[in-house]
Amino acid sequence: MIPKEKEIIIKQIIIERIKSMAPNVKIALGSSKEGFLGKDELLKEVNNNTVLGKKIIEIQLRYLRALKEGIV
């Protein structure tokens, strides 16, 4: 389990990454039920700590770790 202060920092990093996206970006997550999420929807989910928001943080964190390792 990640300590609370580290979790807050990670969340802020992911929020800033999302904010830096182009305004017309759409991301598909999960089934067609969720559909495509725009920048504002992504920020809303992350800020509200929804299940989907936590999944977005997990995916972004996994990407950043892969980037660090030179995988992407």
# chains A, B, ... in the order shown; residues from 1 in each chain; ligands from 1
>>> residues_around(residues="Leu43 (chain A)", least_positions_apart="3", cutoff="10 Å", atoms="only C-alpha atoms", output="PyMOL selection string")
chain A and resi 14-19+37-40+46-49+53+56
>>> residues_around(residues="Val72 (chain A)", least_positions_apart="4", cutoff="8 Å", atoms="only C-alpha atoms", output="PyMOL selection string")
chain A and resi 63+66-67
>>> write_last_selection(atoms="C-alpha atoms", output="PDB file, in the first residue's frame")
ATOM      1  CA  TYR A  63       3.126   4.282 -18.335  1.00  0.00           C
ATOM      2  CA  ALA A  66       7.665   1.964 -18.398  1.00  0.00           C
ATOM      3  CA  LEU A  67       8.972   5.268 -19.753  1.00  0.00           C
TER       4      LEU A  67
END
>>> select_by_dssp(residues="region 24-56 of chain A", states="strand (DSSP E)", output="VMD selection string")
chain A and resid 26 to 28 36 to 38
>>> closest_residue(among="A:Ile13, A:Lys44, A:Ile8, A:Pro3", to="Leu61 (chain A)", atoms="only C-alpha atoms")
A:Ile13
>>> closest_residue(among="A:Gly30, A:Ile71, A:Asn24, A:Ile57", to="Glu45 (chain A)", atoms="only C-alpha atoms")
A:Ile57
>>> atom_distance(atom1="CA of Glu41 (chain A)", atom2="CA of Met21 (chain A)")
12.4 Å
>>> atom_distance(atom1="CA of Gly35 (chain A)", atom2="CA of Lys55 (chain A)")
14.7 Å
>>> select_by_dssp(residues="chain A", states="alpha helix (DSSP H)", output="ChimeraX atom specification")
/A:4-19,39-47,51-69
>>> residues_around(residues="Glu58 (chain A)", least_positions_apart="6", cutoff="10 Å", atoms="only C-alpha atoms", output="list of chain:residue names")
A:Ile10, A:Lys11, A:Ile14, A:Leu52, A:Leu64
>>> atom_distance(atom1="CA of Leu29 (chain A)", atom2="CA of Gly70 (chain A)")
24.2 Å
